[in-house]
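Peer 1: Dropping in start00.txt, with compact mmCIF, C-alpha atoms (C1' of nucleotides) and all ligand atoms.
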```txt
# COMPACT_ATOMS: atom_id res chain seq x y z
CA MET A 1486 -26.40 -57.50 34.31
CA SER A 1487 -23.48 -57.76 31.93
CA VAL A 1488 -20.16 -56.09 32.28
CA PRO A 1489 -19.60 -53.75 29.31
CA ASP A 1490 -17.16 -55.19 26.82
CA SER A 1491 -13.75 -53.65 26.66
CA ARG A 1492 -12.76 -52.23 23.32
CA PHE A 1493 -10.40 -55.17 22.94
CA ASP A 1494 -13.23 -57.63 23.43
CA GLN A 1495 -15.42 -55.73 20.97
CA LEU A 1496 -12.75 -55.93 18.29
CA ILE A 1497 -12.15 -59.63 18.91
CA SER A 1498 -15.86 -60.30 18.75
CA ALA A 1499 -16.17 -58.40 15.50
CA LEU A 1500 -13.42 -60.49 13.96
CA LYS A 1501 -15.11 -63.69 15.12
CA GLU A 1502 -18.50 -62.60 13.82
CA HIS A 1503 -17.02 -62.10 10.39
CA ASN A 1504 -15.32 -65.48 10.50
CA PHE A 1505 -11.83 -64.11 10.39
CA ARG A 1506 -9.27 -66.29 12.04
CA LEU A 1507 -7.85 -65.13 15.32
CA THR A 1508 -4.16 -65.42 14.71
CA PRO A 1509 -1.74 -64.37 17.44
CA GLN A 1510 -0.54 -61.55 15.17
CA ARG A 1511 -4.06 -60.20 14.77
CA VAL A 1512 -4.81 -60.45 18.46
CA GLU A 1513 -1.66 -58.51 19.25
CA LEU A 1514 -2.46 -55.77 16.74
CA VAL A 1515 -5.98 -55.53 18.11
CA ARG A 1516 -4.60 -55.29 21.62
CA LEU A 1517 -2.25 -52.49 20.61
CA ILE A 1518 -4.84 -50.51 18.74
CA ALA A 1519 -7.38 -50.85 21.54
CA VAL A 1520 -4.83 -49.72 24.11
CA SER A 1521 -3.33 -46.88 22.08
CA GLU A 1522 -4.28 -43.45 23.32
CA GLY A 1523 -3.08 -41.63 20.24
CA HIS A 1524 -3.61 -42.40 16.60
CA PRO A 1525 -0.78 -44.69 15.52
CA SER A 1526 0.37 -45.22 11.96
CA ALA A 1527 0.88 -48.58 10.31
CA SER A 1528 4.63 -48.41 10.75
CA GLN A 1529 4.32 -47.35 14.39
CA LEU A 1530 2.12 -50.36 15.03
CA HIS A 1531 4.54 -52.54 13.12
CA ALA A 1532 7.42 -51.34 15.26
CA LYS A 1533 5.56 -52.22 18.46
CA ILE A 1534 4.38 -55.58 17.22
CA LYS A 1535 7.90 -56.61 16.27
CA ARG A 1536 8.70 -56.85 19.96
CA LYS A 1537 6.46 -59.88 20.24
CA PHE A 1538 6.64 -61.03 16.63
CA PRO A 1539 10.03 -60.14 15.21
CA THR A 1540 9.20 -61.64 11.81
CA MET A 1541 5.93 -59.82 11.28
CA SER A 1542 5.99 -57.91 8.01
CA HIS A 1543 4.49 -54.58 7.04
CA ALA A 1544 2.08 -56.28 4.67
CA THR A 1545 0.42 -58.19 7.49
CA VAL A 1546 -0.11 -54.99 9.46
CA TYR A 1547 -1.66 -53.31 6.43
CA LYS A 1548 -3.85 -56.28 5.64
CA THR A 1549 -5.11 -56.57 9.21
CA LEU A 1550 -5.85 -52.87 9.38
CA SER A 1551 -7.76 -52.83 6.10
CA LEU A 1552 -9.64 -55.87 7.31
CA LEU A 1553 -10.67 -54.04 10.47
CA LYS A 1554 -11.61 -51.08 8.31
CA GLU A 1555 -13.86 -53.25 6.17
CA ILE A 1556 -15.87 -54.31 9.18
CA ASN A 1557 -16.01 -50.69 10.36
CA GLN A 1558 -14.02 -51.18 13.53
CA VAL A 1559 -11.18 -48.84 12.68
CA LEU A 1560 -11.14 -45.31 11.29
CA GLU A 1561 -8.40 -44.43 8.86
CA ILE A 1562 -7.10 -40.87 8.93
CA ASP A 1563 -5.34 -39.87 5.71
CA LEU A 1564 -2.40 -37.59 6.24
CA ARG A 1565 0.03 -36.27 3.67
CA ASP A 1566 2.73 -38.83 4.28
CA ASP A 1567 0.89 -41.81 5.67
CA SER A 1568 -2.31 -42.95 7.34
CA HIS A 1569 -3.02 -43.08 11.03
CA TYR A 1570 -5.68 -45.20 12.67
CA ASP A 1571 -8.27 -44.83 15.40
CA GLY A 1572 -9.35 -48.17 16.77
CA ASN A 1573 -11.37 -46.71 19.59
CA ARG A 1574 -13.76 -44.44 17.69
CA PRO A 1575 -14.44 -46.04 14.31
CA ASP A 1576 -17.00 -43.48 13.22
CA PRO A 1577 -15.82 -40.34 11.42
CA HIS A 1578 -14.91 -37.49 13.76
CA PRO A 1579 -12.70 -34.42 13.54
CA HIS A 1580 -9.02 -34.45 14.42
CA LEU A 1581 -6.46 -31.89 15.47
CA ILE A 1582 -3.12 -32.62 13.85
CA CYS A 1583 0.15 -30.95 14.80
CA VAL A 1584 2.06 -29.98 11.67
CA ASN A 1585 5.28 -30.00 13.67
CA CYS A 1586 5.29 -33.24 15.70
CA ASN A 1587 2.28 -35.02 14.12
CA LYS A 1588 0.49 -35.45 17.45
CA ILE A 1589 -3.14 -36.25 16.69
CA ILE A 1590 -6.06 -35.84 19.08
CA ASP A 1591 -9.80 -36.06 18.70
CA GLY A 1592 -11.67 -32.81 18.14
CA GLU A 1593 -15.19 -32.24 19.33
CA LEU A 1594 -17.16 -30.33 16.76
CA LEU A 1595 -20.87 -30.34 16.16
CA ILE A 1596 -21.53 -30.68 12.46
CA ASP A 1597 -24.81 -29.15 11.38
CA GLN A 1598 -26.62 -32.03 9.72
CA GLN A 1599 -28.90 -29.55 8.00
CA SER A 1600 -25.98 -27.94 6.17
CA ILE A 1601 -24.69 -31.33 5.10
CA GLN A 1602 -28.00 -32.19 3.54
CA ARG A 1603 -28.14 -28.86 1.77
CA MET A 1604 -24.68 -29.50 0.37
CA GLU A 1605 -25.77 -32.91 -0.87
CA GLN A 1606 -28.80 -31.44 -2.61
CA GLU A 1607 -26.96 -28.54 -4.20
CA SER A 1608 -24.06 -30.66 -5.41
CA GLY A 1609 -25.83 -33.89 -6.23
CA TYR A 1610 -23.13 -35.79 -4.37
CA LYS A 1611 -23.99 -38.63 -2.00
CA ILE A 1612 -21.75 -38.06 1.00
CA LEU A 1613 -20.40 -41.26 2.48
CA ARG A 1614 -17.58 -40.23 4.77
CA PRO A 1615 -16.59 -36.77 6.03
CA GLN A 1616 -12.99 -36.21 6.99
CA ILE A 1617 -12.39 -33.10 8.98
CA SER A 1618 -8.78 -32.32 9.84
CA PHE A 1619 -7.56 -29.23 11.61
CA TYR A 1620 -3.87 -28.77 10.98
CA GLY A 1621 -2.07 -26.61 13.50
CA LEU A 1622 0.31 -26.58 16.43
CA CYS A 1623 -0.11 -28.68 19.53
CA PRO A 1624 0.39 -27.02 22.95
CA ASP A 1625 4.03 -28.16 23.17
CA CYS A 1626 5.02 -27.04 19.69
CA LYS A 1627 3.16 -23.77 20.11
CA GLU A 1628 5.59 -22.80 22.87
CA GLU A 1629 8.72 -23.77 21.00
CA ASN A 1630 8.07 -20.93 18.59
CA MET B 1008 -11.97 3.09 -12.81
CA SER B 1009 -9.83 -0.03 -13.19
CA VAL B 1010 -10.89 -3.31 -14.72
CA PRO B 1011 -10.71 -6.10 -12.13
CA ASP B 1012 -7.69 -8.31 -12.62
CA SER B 1013 -8.23 -11.77 -13.97
CA ARG B 1014 -7.08 -14.62 -11.80
CA PHE B 1015 -4.22 -15.12 -14.23
CA ASP B 1016 -3.10 -11.52 -13.76
CA GLN B 1017 -3.38 -11.83 -10.01
CA LEU B 1018 -1.12 -14.84 -9.97
CA ILE B 1019 1.44 -13.23 -12.27
CA SER B 1020 1.45 -10.10 -10.12
CA ALA B 1021 1.96 -12.16 -7.00
CA LEU B 1022 4.98 -13.86 -8.55
CA LYS B 1023 6.45 -10.50 -9.56
CA GLU B 1024 5.86 -8.99 -6.14
CA HIS B 1025 7.87 -11.78 -4.59
CA ASN B 1026 10.66 -11.35 -7.11
CA PHE B 1027 10.25 -14.75 -8.64
CA ARG B 1028 11.33 -14.96 -12.23
CA LEU B 1029 8.64 -15.23 -14.85
CA THR B 1030 9.78 -18.18 -16.88
CA PRO B 1031 7.60 -19.41 -19.77
CA GLN B 1032 7.05 -22.64 -17.87
CA ARG B 1033 5.73 -20.80 -14.86
CA VAL B 1034 3.49 -18.58 -16.92
CA GLU B 1035 2.01 -21.60 -18.62
CA LEU B 1036 1.37 -23.40 -15.34
CA VAL B 1037 -0.23 -20.28 -13.92
CA ARG B 1038 -2.40 -19.99 -17.01
CA LEU B 1039 -3.54 -23.58 -16.69
CA ILE B 1040 -4.29 -23.39 -13.00
CA ALA B 1041 -6.18 -20.13 -13.41
CA VAL B 1042 -8.26 -21.58 -16.23
CA SER B 1043 -8.90 -24.99 -14.68
CA GLU B 1044 -12.45 -25.49 -13.50
CA GLY B 1045 -11.72 -28.57 -11.47
CA HIS B 1046 -8.92 -29.31 -9.04
CA PRO B 1047 -6.04 -30.75 -11.03
CA SER B 1048 -3.22 -32.82 -9.60
CA ALA B 1049 0.46 -32.20 -10.21
CA SER B 1050 0.67 -34.96 -12.78
CA GLN B 1051 -2.47 -33.77 -14.56
CA LEU B 1052 -0.96 -30.31 -14.84
CA HIS B 1053 2.30 -31.83 -15.99
CA ALA B 1054 0.52 -33.76 -18.73
CA LYS B 1055 -1.14 -30.60 -20.03
CA ILE B 1056 1.99 -28.49 -19.85
CA LYS B 1057 3.96 -31.03 -21.86
CA ARG B 1058 1.96 -30.01 -24.92
CA LYS B 1059 3.72 -26.67 -24.94
CA PHE B 1060 6.90 -27.70 -23.13
CA PRO B 1061 7.69 -31.30 -23.94
CA THR B 1062 10.79 -31.27 -21.77
CA MET B 1063 9.16 -29.95 -18.64
CA SER B 1064 9.83 -32.28 -15.74
CA HIS B 1065 7.71 -33.24 -12.78
CA ALA B 1066 10.10 -31.50 -10.42
CA THR B 1067 9.45 -28.14 -12.01
CA VAL B 1068 5.70 -28.56 -11.63
CA TYR B 1069 6.09 -29.49 -7.99
CA LYS B 1070 8.47 -26.63 -7.31
CA THR B 1071 6.23 -24.06 -8.97
CA LEU B 1072 3.19 -25.31 -7.10
CA SER B 1073 4.91 -25.22 -3.74
CA LEU B 1074 6.16 -21.75 -4.58
CA LEU B 1075 2.61 -20.60 -5.29
CA LYS B 1076 1.55 -22.27 -2.07
CA GLU B 1077 4.19 -20.34 -0.13
CA ILE B 1078 2.80 -17.05 -1.30
CA ASN B 1079 -0.74 -18.25 -0.52
CA GLN B 1080 -2.01 -18.22 -4.08
CA VAL B 1081 -2.81 -21.91 -4.32
CA LEU B 1082 -4.62 -24.27 -2.00
CA GLU B 1083 -3.34 -27.81 -1.73
CA ILE B 1084 -5.88 -30.57 -1.15
CA ASP B 1085 -4.32 -33.72 0.30
CA LEU B 1086 -5.88 -36.91 -0.92
CA ARG B 1087 -4.86 -40.48 -0.19
CA ASP B 1088 -2.85 -41.00 -3.32
CA ASP B 1089 -1.78 -37.52 -4.33
CA SER B 1090 -2.50 -33.83 -3.93
CA HIS B 1091 -4.83 -31.70 -5.98
CA TYR B 1092 -4.68 -27.95 -6.27
CA ASP B 1093 -7.09 -25.03 -6.32
CA GLY B 1094 -5.58 -21.96 -7.91
CA ASN B 1095 -8.79 -19.99 -7.90
CA ARG B 1096 -9.73 -20.11 -4.24
CA PRO B 1097 -6.49 -20.19 -2.24
CA ASP B 1098 -8.18 -19.99 1.15
CA PRO B 1099 -9.26 -23.19 2.88
CA HIS B 1100 -12.76 -24.34 1.94
CA PRO B 1101 -14.59 -27.66 1.96
CA HIS B 1102 -14.51 -30.08 -0.95
CA LEU B 1103 -16.69 -32.88 -2.20
CA ILE B 1104 -14.58 -35.74 -3.52
CA CYS B 1105 -15.89 -38.68 -5.51
CA VAL B 1106 -14.36 -41.92 -4.24
CA ASN B 1107 -15.05 -43.52 -7.58
CA CYS B 1108 -13.84 -41.07 -10.25
CA ASN B 1109 -12.00 -38.52 -8.06
CA LYS B 1110 -14.06 -35.59 -9.31
CA ILE B 1111 -13.59 -32.73 -6.87
CA ILE B 1112 -15.87 -29.74 -6.47
CA ASP B 1113 -16.11 -26.93 -3.96
CA GLY B 1114 -18.53 -27.37 -1.09
CA GLU B 1115 -20.31 -24.50 0.53
CA LEU B 1116 -20.49 -25.02 4.27
CA LEU B 1117 -20.73 -22.44 6.98
CA ILE B 1118 -18.24 -23.29 9.67
CA ASP B 1119 -19.24 -22.03 13.08
CA GLN B 1120 -16.30 -19.90 14.12
CA GLN B 1121 -17.45 -20.11 17.71
CA SER B 1122 -17.06 -23.89 17.78
CA ILE B 1123 -13.60 -23.62 16.25
CA GLN B 1124 -12.50 -21.28 19.01
CA ARG B 1125 -13.94 -23.59 21.64
CA MET B 1126 -11.99 -26.47 20.14
CA GLU B 1127 -8.81 -24.43 20.24
CA GLN B 1128 -9.34 -23.56 23.88
CA GLU B 1129 -10.24 -27.06 25.00
CA SER B 1130 -7.39 -28.70 23.11
CA GLY B 1131 -4.69 -26.07 23.43
CA TYR B 1132 -3.98 -26.43 19.74
CA LYS B 1133 -3.46 -23.39 17.52
CA ILE B 1134 -5.39 -24.15 14.36
CA LEU B 1135 -3.64 -22.97 11.22
CA ARG B 1136 -5.41 -24.70 8.37
CA PRO B 1137 -8.66 -26.63 8.37
CA GLN B 1138 -9.14 -29.26 5.71
CA ILE B 1139 -12.69 -30.44 5.32
CA SER B 1140 -13.23 -33.22 2.79
CA PHE B 1141 -16.49 -34.98 2.13
CA TYR B 1142 -15.85 -38.28 0.41
CA GLY B 1143 -18.76 -39.72 -1.49
CA LEU B 1144 -20.22 -40.34 -4.93
CA CYS B 1145 -20.63 -37.69 -7.59
CA PRO B 1146 -23.93 -37.50 -9.49
CA ASP B 1147 -22.59 -39.58 -12.38
CA CYS B 1148 -21.10 -42.34 -10.24
CA LYS B 1149 -24.18 -42.40 -8.02
CA GLU B 1150 -26.24 -43.60 -11.00
CA GLU B 1151 -23.79 -46.24 -12.11
CA ASN B 1152 -24.60 -48.17 -8.96
C1' DA C 710 -4.79 -88.93 14.24
C1' DA C 711 -4.23 -88.15 9.36
C1' DT C 712 -5.45 -85.66 5.36
C1' DA C 713 -7.36 -82.08 2.44
C1' DT C 714 -8.51 -77.43 1.95
C1' DA C 715 -8.36 -72.82 2.57
C1' DA C 716 -6.58 -68.95 5.13
C1' DT C 717 -2.75 -66.56 6.50
C1' DC C 718 2.08 -65.36 6.83
C1' DA C 719 6.46 -63.23 5.54
C1' DA C 720 9.91 -62.18 2.21
C1' DT C 721 10.47 -59.81 -1.81
C1' DA C 722 9.72 -57.01 -5.54
C1' DA C 723 6.85 -53.51 -7.72
C1' DT C 724 4.43 -49.24 -7.80
C1' DG C 725 3.82 -44.42 -7.77
C1' DA C 726 4.04 -39.83 -5.78
C1' DT C 727 7.23 -36.74 -4.16
C1' DT C 728 11.88 -34.89 -3.28
C1' DA C 729 17.04 -34.27 -3.80
C1' DT C 730 21.02 -33.45 -6.68
C1' DC C 731 23.51 -30.88 -9.86
C1' DA C 732 25.26 -29.30 -14.31
C1' DA C 733 23.34 -26.52 -17.97
C1' DT C 734 20.43 -22.73 -19.11
C1' DA C 735 18.19 -18.37 -19.21
C1' DA C 736 15.71 -14.21 -16.73
C1' DA C 737 16.54 -9.71 -15.12
C1' DG C 738 19.01 -5.85 -14.09
C1' DA C 739 23.26 -3.08 -14.86
C1' DT D 658 25.72 -6.91 -24.12
C1' DC D 659 27.37 -8.72 -19.80
C1' DT D 660 26.91 -10.72 -15.20
C1' DT D 661 24.74 -12.71 -11.67
C1' DT D 662 22.19 -16.23 -9.96
C1' DA D 663 17.54 -18.29 -9.96
C1' DT D 664 15.65 -21.85 -12.51
C1' DT D 665 15.31 -25.87 -15.31
C1' DG D 666 15.34 -30.77 -16.38
C1' DA D 667 17.48 -35.25 -16.31
C1' DT D 668 18.33 -38.57 -13.09
C1' DA D 669 18.32 -40.97 -9.02
C1' DA D 670 16.63 -41.47 -4.30
C1' DT D 671 13.04 -41.92 -0.88
C1' DC D 672 9.20 -43.81 1.26
C1' DA D 673 4.51 -45.57 2.05
C1' DT D 674 1.70 -48.86 0.23
C1' DT D 675 0.43 -52.88 -2.63
C1' DA D 676 1.13 -57.18 -5.33
C1' DT D 677 3.14 -61.66 -5.67
C1' DT D 678 4.15 -66.03 -4.25
C1' DG D 679 5.72 -69.98 -1.89
C1' DA D 680 5.70 -71.66 2.82
C1' DT D 681 3.18 -72.27 6.96
C1' DT D 682 -0.76 -72.89 9.73
C1' DA D 683 -5.56 -73.45 11.10
C1' DT D 684 -9.87 -75.77 10.30
C1' DA D 685 -12.92 -79.26 8.70
C1' DT D 686 -13.50 -83.89 7.33
C1' DT D 687 -12.50 -88.57 7.40
MN MN A 1701 -9.78 -40.15 16.68
MN MN A 1702 -11.72 -25.69 -4.31
ZN ZN A 1703 3.37 -30.75 18.14
ZN ZN A 1704 -17.57 -39.83 -9.68
```
Rewrite the structure of this file - the entire thing - as structure tokens.
Peer 2:
Amino acid sequence: MSVPDSRFDQLISALKEHNFRLTPQRVELVRLIAVSEGHPSASQLHAKIKRKFPTMSHATVYKTLSLLKEINQVLEIDLRDDSHYDGNRPDPHPHLICVNCNKIIDGELLIDQQSIQRMEQESGYKILRPQISFYGLCPDCKEEN
Amino acid sequence: MSVPDSRFDQLISALKEHNFRLTPQRVELVRLIAVSEGHPSASQLHAKIKRKFPTMSHATVYKTLSLLKEINQVLEIDLRDDSHYDGNRPDPHPHLICVNCNKIIDGELLIDQQSIQRMEQESGYKILRPQISFYGLCPDCKEEN
DNA sequence: AATATAATCAATAATGATTATCAATAAAGA
DNA sequence: TCTTTATTGATAATCATTATTGATTATATT
């Protein structure tokens, strides 16, 4: 009977398995991304990390994130201005994005696998990664109008 | 019995209706975007326009595109590095995007309106604009591997 | 423990798309 | 033709991301 790993432990394990060094900076970023409810951006993560590591640069945040992306432990969400990251659900899934305050939450949407296959056949494309973004207004910003 | 307007005529009419001035630069951009099979970016359009208007600046391209967006005659497709535009189908629709050569084509995918509504209700978000992008490999780039 | 090697860090500059500014120009209506 | 004012285009600014590079640190080996 084993206790299920926390997301933090999973991320740390993944780094170890790939023989990446566990630097204090990386551990802290992993902690933050595992704890984060929302979908933080690189600069938001950088701002938080600076509390513990005042000298940490943007480049290190970006490099660590792209490293976690490579080993499929983080999902990158491309927005117009920057990218946000989901360290809790690394597999592609839909998002609801507020165009006013940028609040991002997961969206549950069943994607018909049949239709995807048909699209692949008709187009000849090999689909690797769907990105489904629903831009709109979050509950709070809906009211303000 | 009237002949159906060409896409070019539709776009010109839309500009007139909104009392935007018909400058030669705008007419040329409209012509290009109505003729373009693919989904050109701002800088690709700028490069083509420079043949006729060597002094045309990036800013003018961007301003004209955002103007056409405002009157819902152009769909903007946000990619990681830049935006591409569809002047022929201004309403949101899925796209297949090659991660290797950036070739973009329309994707036909039936989106279950029921599921969208359920997502709105469960999340409280008001969805304004869905953007569905399937990243993958186009037929040509599929072979190269 | 000391050394060699490679990984990582952080400061800095570079890149590239997009936007802002503003004086000069030209479209459209009188 | 004249007037009004939207539009243009040159330029600079902004901002996220990436590249560079020398310094620092971890790891393996002796
Ligand atoms: Mn998510
Ligand atoms: Mn399209
Ligand atoms: Zn909001
Ligand atoms: Zn391709």
Peer 1: Mind fitting chain A to chain B by least squares on all Cα atoms in order and giving back the moved coordinates as a CSV table (one decimal) with C-alpha atoms, keeping the file's coordinate frame?
Peer 2:
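Saved to out-v4.csv:
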```csv
chain,number,residue,atom,x,y,z
A,1486,MET,CA,-12.2,2.9,-12.6
A,1487,SER,CA,-10.0,-0.2,-13.0
A,1488,VAL,CA,-11.0,-3.4,-14.6
A,1489,PRO,CA,-10.8,-6.2,-12.1
A,1490,ASP,CA,-7.8,-8.4,-12.5
A,1491,SER,CA,-8.3,-11.8,-14.0
A,1492,ARG,CA,-7.1,-14.6,-11.8
A,1493,PHE,CA,-4.2,-15.1,-14.2
A,1494,ASP,CA,-3.1,-11.5,-13.8
A,1495,GLN,CA,-3.4,-11.8,-10.0
A,1496,LEU,CA,-1.1,-14.9,-10.0
A,1497,ILE,CA,1.4,-13.2,-12.3
A,1498,SER,CA,1.4,-10.1,-10.1
A,1499,ALA,CA,1.9,-12.2,-7.0
A,1500,LEU,CA,4.9,-13.9,-8.5
A,1501,LYS,CA,6.4,-10.5,-9.6
A,1502,GLU,CA,5.8,-9.0,-6.1
A,1503,HIS,CA,7.8,-11.8,-4.6
A,1504,ASN,CA,10.6,-11.3,-7.1
A,1505,PHE,CA,10.2,-14.7,-8.7
A,1506,ARG,CA,11.2,-14.9,-12.2
A,1507,LEU,CA,8.5,-15.2,-14.8
A,1508,THR,CA,9.7,-18.1,-16.9
A,1509,PRO,CA,7.6,-19.4,-19.8
A,1510,GLN,CA,7.1,-22.6,-17.9
A,1511,ARG,CA,5.7,-20.8,-14.8
A,1512,VAL,CA,3.5,-18.6,-16.9
A,1513,GLU,CA,2.0,-21.6,-18.6
A,1514,LEU,CA,1.4,-23.4,-15.3
A,1515,VAL,CA,-0.2,-20.3,-13.9
A,1516,ARG,CA,-2.4,-20.0,-17.0
A,1517,LEU,CA,-3.5,-23.6,-16.7
A,1518,ILE,CA,-4.3,-23.4,-13.0
A,1519,ALA,CA,-6.2,-20.2,-13.4
A,1520,VAL,CA,-8.2,-21.6,-16.3
A,1521,SER,CA,-8.9,-25.0,-14.7
A,1522,GLU,CA,-12.4,-25.5,-13.5
A,1523,GLY,CA,-11.7,-28.6,-11.5
A,1524,HIS,CA,-8.9,-29.3,-9.1
A,1525,PRO,CA,-6.0,-30.8,-11.1
A,1526,SER,CA,-3.2,-32.8,-9.6
A,1527,ALA,CA,0.5,-32.2,-10.2
A,1528,SER,CA,0.7,-35.0,-12.8
A,1529,GLN,CA,-2.5,-33.8,-14.6
A,1530,LEU,CA,-0.9,-30.3,-14.9
A,1531,HIS,CA,2.3,-31.9,-16.0
A,1532,ALA,CA,0.6,-33.8,-18.8
A,1533,LYS,CA,-1.1,-30.6,-20.1
A,1534,ILE,CA,2.1,-28.5,-19.9
A,1535,LYS,CA,4.0,-31.1,-21.9
A,1536,ARG,CA,2.0,-30.0,-24.9
A,1537,LYS,CA,3.8,-26.7,-24.9
A,1538,PHE,CA,7.0,-27.7,-23.1
A,1539,PRO,CA,7.7,-31.4,-24.0
A,1540,THR,CA,10.9,-31.4,-21.8
A,1541,MET,CA,9.3,-30.0,-18.6
A,1542,SER,CA,9.9,-32.4,-15.7
A,1543,HIS,CA,7.7,-33.3,-12.8
A,1544,ALA,CA,10.1,-31.6,-10.4
A,1545,THR,CA,9.5,-28.2,-12.0
A,1546,VAL,CA,5.7,-28.6,-11.7
A,1547,TYR,CA,6.1,-29.5,-8.0
A,1548,LYS,CA,8.5,-26.7,-7.3
A,1549,THR,CA,6.3,-24.1,-9.0
A,1550,LEU,CA,3.2,-25.3,-7.2
A,1551,SER,CA,4.9,-25.2,-3.8
A,1552,LEU,CA,6.2,-21.8,-4.6
A,1553,LEU,CA,2.7,-20.6,-5.3
A,1554,LYS,CA,1.6,-22.3,-2.1
A,1555,GLU,CA,4.2,-20.4,-0.1
A,1556,ILE,CA,2.8,-17.1,-1.3
A,1557,ASN,CA,-0.7,-18.3,-0.5
A,1558,GLN,CA,-2.0,-18.2,-4.1
A,1559,VAL,CA,-2.8,-21.9,-4.3
A,1560,LEU,CA,-4.6,-24.3,-2.0
A,1561,GLU,CA,-3.3,-27.8,-1.8
A,1562,ILE,CA,-5.8,-30.6,-1.2
A,1563,ASP,CA,-4.3,-33.7,0.3
A,1564,LEU,CA,-5.9,-36.9,-1.0
A,1565,ARG,CA,-4.9,-40.5,-0.3
A,1566,ASP,CA,-2.9,-41.0,-3.4
A,1567,ASP,CA,-1.8,-37.5,-4.4
A,1568,SER,CA,-2.5,-33.8,-4.0
A,1569,HIS,CA,-4.8,-31.7,-6.0
A,1570,TYR,CA,-4.7,-27.9,-6.3
A,1571,ASP,CA,-7.1,-25.0,-6.3
A,1572,GLY,CA,-5.6,-22.0,-7.9
A,1573,ASN,CA,-8.8,-20.0,-7.9
A,1574,ARG,CA,-9.7,-20.1,-4.2
A,1575,PRO,CA,-6.5,-20.2,-2.2
A,1576,ASP,CA,-8.2,-20.0,1.1
A,1577,PRO,CA,-9.2,-23.2,2.9
A,1578,HIS,CA,-12.7,-24.3,1.9
A,1579,PRO,CA,-14.6,-27.6,1.9
A,1580,HIS,CA,-14.5,-30.1,-1.0
A,1581,LEU,CA,-16.7,-32.9,-2.2
A,1582,ILE,CA,-14.6,-35.7,-3.5
A,1583,CYS,CA,-15.9,-38.6,-5.5
A,1584,VAL,CA,-14.4,-41.9,-4.3
A,1585,ASN,CA,-15.1,-43.5,-7.6
A,1586,CYS,CA,-13.9,-41.0,-10.3
A,1587,ASN,CA,-12.0,-38.5,-8.1
A,1588,LYS,CA,-14.1,-35.6,-9.4
A,1589,ILE,CA,-13.6,-32.7,-6.9
A,1590,ILE,CA,-15.9,-29.7,-6.5
A,1591,ASP,CA,-16.1,-26.9,-4.0
A,1592,GLY,CA,-18.5,-27.3,-1.1
A,1593,GLU,CA,-20.3,-24.5,0.6
A,1594,LEU,CA,-20.4,-25.0,4.3
A,1595,LEU,CA,-20.7,-22.4,7.0
A,1596,ILE,CA,-18.2,-23.3,9.7
A,1597,ASP,CA,-19.2,-22.0,13.1
A,1598,GLN,CA,-16.3,-19.8,14.2
A,1599,GLN,CA,-17.5,-20.0,17.8
A,1600,SER,CA,-17.1,-23.8,17.8
A,1601,ILE,CA,-13.6,-23.6,16.3
A,1602,GLN,CA,-12.5,-21.2,19.1
A,1603,ARG,CA,-14.0,-23.5,21.7
A,1604,MET,CA,-12.0,-26.4,20.2
A,1605,GLU,CA,-8.8,-24.4,20.3
A,1606,GLN,CA,-9.4,-23.6,24.0
A,1607,GLU,CA,-10.3,-27.1,25.0
A,1608,SER,CA,-7.4,-28.7,23.2
A,1609,GLY,CA,-4.7,-26.1,23.5
A,1610,TYR,CA,-4.0,-26.4,19.8
A,1611,LYS,CA,-3.5,-23.4,17.6
A,1612,ILE,CA,-5.4,-24.1,14.4
A,1613,LEU,CA,-3.7,-22.9,11.3
A,1614,ARG,CA,-5.4,-24.6,8.4
A,1615,PRO,CA,-8.7,-26.6,8.4
A,1616,GLN,CA,-9.1,-29.2,5.7
A,1617,ILE,CA,-12.7,-30.4,5.3
A,1618,SER,CA,-13.2,-33.2,2.8
A,1619,PHE,CA,-16.5,-35.0,2.1
A,1620,TYR,CA,-15.8,-38.3,0.4
A,1621,GLY,CA,-18.8,-39.7,-1.5
A,1622,LEU,CA,-20.2,-40.3,-4.9
A,1623,CYS,CA,-20.6,-37.6,-7.6
A,1624,PRO,CA,-24.0,-37.4,-9.5
A,1625,ASP,CA,-22.6,-39.5,-12.4
A,1626,CYS,CA,-21.1,-42.3,-10.2
A,1627,LYS,CA,-24.2,-42.3,-8.0
A,1628,GLU,CA,-26.3,-43.5,-11.0
A,1629,GLU,CA,-23.9,-46.2,-12.1
A,1630,ASN,CA,-24.6,-48.1,-8.9
```
Peer 1: List as a list of chain:residue names the protein and nucleic acid residues lying within 10 Å of ligand MN 1701 (chain A), with all atoms listed in the file counted.
Peer 2: A:Glu1522, A:Gly1523, A:His1524, A:Val1559, A:Leu1560, A:Glu1561, A:Ile1562, A:His1569, A:Tyr1570, A:Asp1571, A:Gly1572, A:Asn1573, A:Arg1574, A:Pro1575, A:Asp1576, A:Pro1577, A:His1578, A:Pro1579, A:His1580, A:Leu1581, A:Ile1589, A:Ile1590, A:Asp1591, A:Gly1592, A:Glu1593
Peer 1: Specify as JSON, numbers by chain all residues of chain D found within 10 Å of chain B, counting all atoms listed in the file.
Peer 2: {"D": [663, 664, 665, 666, 667, 674]}
Peer 1: Residues at most 6 Å from ligand ZN 1703 (chain A), using all atoms listed in the file? Could they come as a PDB file with C-alpha atoms, keeping the file's coordinate frame?
Peer 2:
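Contents of the output file out_10.pdb:
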```
ATOM      1  CA  CYS A1583       0.150 -30.950  14.800  1.00  0.00           C
ATOM      2  CA  ASN A1585       5.280 -30.000  13.670  1.00  0.00           C
ATOM      3  CA  CYS A1586       5.290 -33.240  15.700  1.00  0.00           C
ATOM      4  CA  ASN A1587       2.280 -35.020  14.120  1.00  0.00           C
ATOM      5  CA  LYS A1588       0.490 -35.450  17.450  1.00  0.00           C
ATOM      6  CA  LEU A1622       0.310 -26.580  16.430  1.00  0.00           C
ATOM      7  CA  CYS A1623      -0.110 -28.680  19.530  1.00  0.00           C
ATOM      8  CA  ASP A1625       4.030 -28.160  23.170  1.00  0.00           C
ATOM      9  CA  CYS A1626       5.020 -27.040  19.690  1.00  0.00           C
TER      10      CYS A1626
END
```
